[in-house]
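Engineer: First the structure, then my questions, so here it is.
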Amino acid sequence: MAMPLGWRILAEHDAAGTPLTRDRLRDAVRETGQSISTDRAEHCSPSPGLRGSFESECDPDLRHPERYLDFLAARRELLAQASQSFLTELRDGVRAIGAAELRPLVVVTEKKDDVRAAQITFLVAELGRRGFAEPALDSEIADPANGAALAVAEAFWPDGLQTGQGQPVVLELDPSTANLPRLEELGYLVFTSVDALLGYAVRLNQAASGEEEAPPEEPSPDGGPVALEFEKAMRELYERARSEANYHTTYFLGMLAELGALVTARKLLYAPAVSDGFAILWERGRLDLTVEALVIQPRFADLFTTQEIEIARHRLDRFGY
């Protein structure tokens, strides 16, 4: 049986007392007229640890080329002995299984949800429930004239909210990075607010079904001093958001004027998606200025049901308050 080239090279280096390195193996192989890359030579080089362990127990006379078959037999015997010893130690509980492979345990804190991503998830689910088409998410919209990127829309309905009906619809929550005038020029219906898009979809449904828009809910009757205090606190919330977080929302003021503080709070709590106001305040690190943060305050507990307070608390917890 002919000795493989690699082992012959190893034996020759052993006989000469020269360690077999990656570069020496590569050069020796190439001298025989065969080709081998440096990386391949490194891969094929005998592992110093394994080779050293074997050589420490192997008869040095077996390393000569003419005793190659005896070398293989001795190697098989040593491997069998090592395997049997290892299995015996495992059976008897002498060896700690995998002790050398243990790694430090890394504890990763729970990552809080992204409000904008949650808004999109809620929006898509709600529109699907109402029979609208599923959008493409995180979709780049290019100018057909020159291919320039006009926007990377959070959601995009290229054939309209109802497939084949109406204009293509774009939801772009970061309008500063988009070319809104060009999008509108090309006939896209652009929304920069989840609330606005959801309201538009609701009106489409009502128009298609012939239903009239439901009248606003009547403000709750005066609940006494606590209800008046909540009304005042809701208006102060708007002022603080404007002065402390630079967030101006006339929509919120309009709801307060039309519905009153309690009905406004309940509409926001039961909405299918978190409001744009909640999302903006989350982005600015001021969830303390949200309606939800007001609802969970103990002083207003009598104004809301246990379920309503839990909705507010869960929403705040989910987004890291």
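Chain identifiers are assigned as A, B, and so on, following the order in which chains appear in the structure tokens; residues are numbered from 1 within each chain, and ligands are numbered from 1 in order of appearance.
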Fewer than 3 positions away in the same chain doesn't count, so skip those; otherwise give me all residues within 9 Å of Gly160 of chain A, counting only C-alpha atoms, as a ChimeraX atom specification.
Structural biologist: /A:132-133,156-157,163-169,189
Engineer: Would you work out the distance separating atom CA of Leu303 of chain A from atom CA of Phe278 of chain A, expressed in Å to one decimal?
Structural biologist: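 Answer for the atom CA of Leu303 of chain A to atom CA of Phe278 of chain A separation: 20.9 Å.
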Engineer: What separation in Å, quoted to one decimal, exists between atom CA of Ala279 of chain A and atom CA of Gln162 of chain A?
Structural biologist: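 Going from atom CA of Ala279 of chain A over to atom CA of Gln162 of chain A covers 26.8 Å.
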Engineer: Using only C-alpha atoms, which of the listed residues (A:Asn246, A:Gln119, A:Ser209, A:Gln297) sits closest to Ala271 of chain A?
Structural biologist: A:Gln119
Engineer: From a DSSP calculation on the backbone, collect every residue of segment 155-270 of chain A in strand (DSSP E) and output the set as a list of chain:residue names.
Structural biologist: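 After running DSSP on the backbone, segment 155-270 of chain A has strand (DSSP E) at A:Ala155, A:Phe156, A:Trp157, A:Val169, A:Val170, A:Leu171, A:Leu189, A:Val190, A:Phe191.
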Engineer: Please identify all polymer residues within 12 Å of segment 257-267 of chain A, counting only C-alpha atoms, omitting same-chain residues fewer than 3 positions from it, and present them as a ChimeraX atom specification.
Structural biologist: /A:215-223,226-238,250-254,270-275,290-296,300,302-305,307-309,311-312
Engineer: Measuring between only C-alpha atoms, which one of A:Leu268, A:Ala201, A:Ala208, A:Leu171 shows the shortest distance to Leu256 of chain A?
Structural biologist: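 When distances to Leu256 of chain A are compared using only C-alpha atoms, the smallest one comes from A:Leu268.
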Engineer: Find the residues around segment 135-142 of chain A up to 7 Å (only C-alpha atoms counted), leave out those fewer than 6 positions away in its own chain, and share them as a count of residues only.
Structural biologist: 10
Engineer: Show which residues sit within 8 Å of segment 281-286 of chain A, as a VMD selection string. Count only C-alpha atoms, and ignore same-chain residues fewer than 4 positions away.
Structural biologist: chain A and resid 115 245 247 277 290 319
Engineer: Counting only C-alpha atoms, figure out which residue out of A:Gly199, A:Gly131, A:Pro144, A:Pro158 gets nearest to Arg182 of chain A.
Structural biologist: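 Closest candidate: A:Pro144.
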Engineer: Point out the residue among A:Leu289, A:Ile280, A:Val202, A:Met255 with the least atom-to-atom distance to Ser243 of chain A, counting only C-alpha atoms.
Structural biologist: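 The shortest atom-to-atom distance to Ser243 of chain A comes from A:Leu289.
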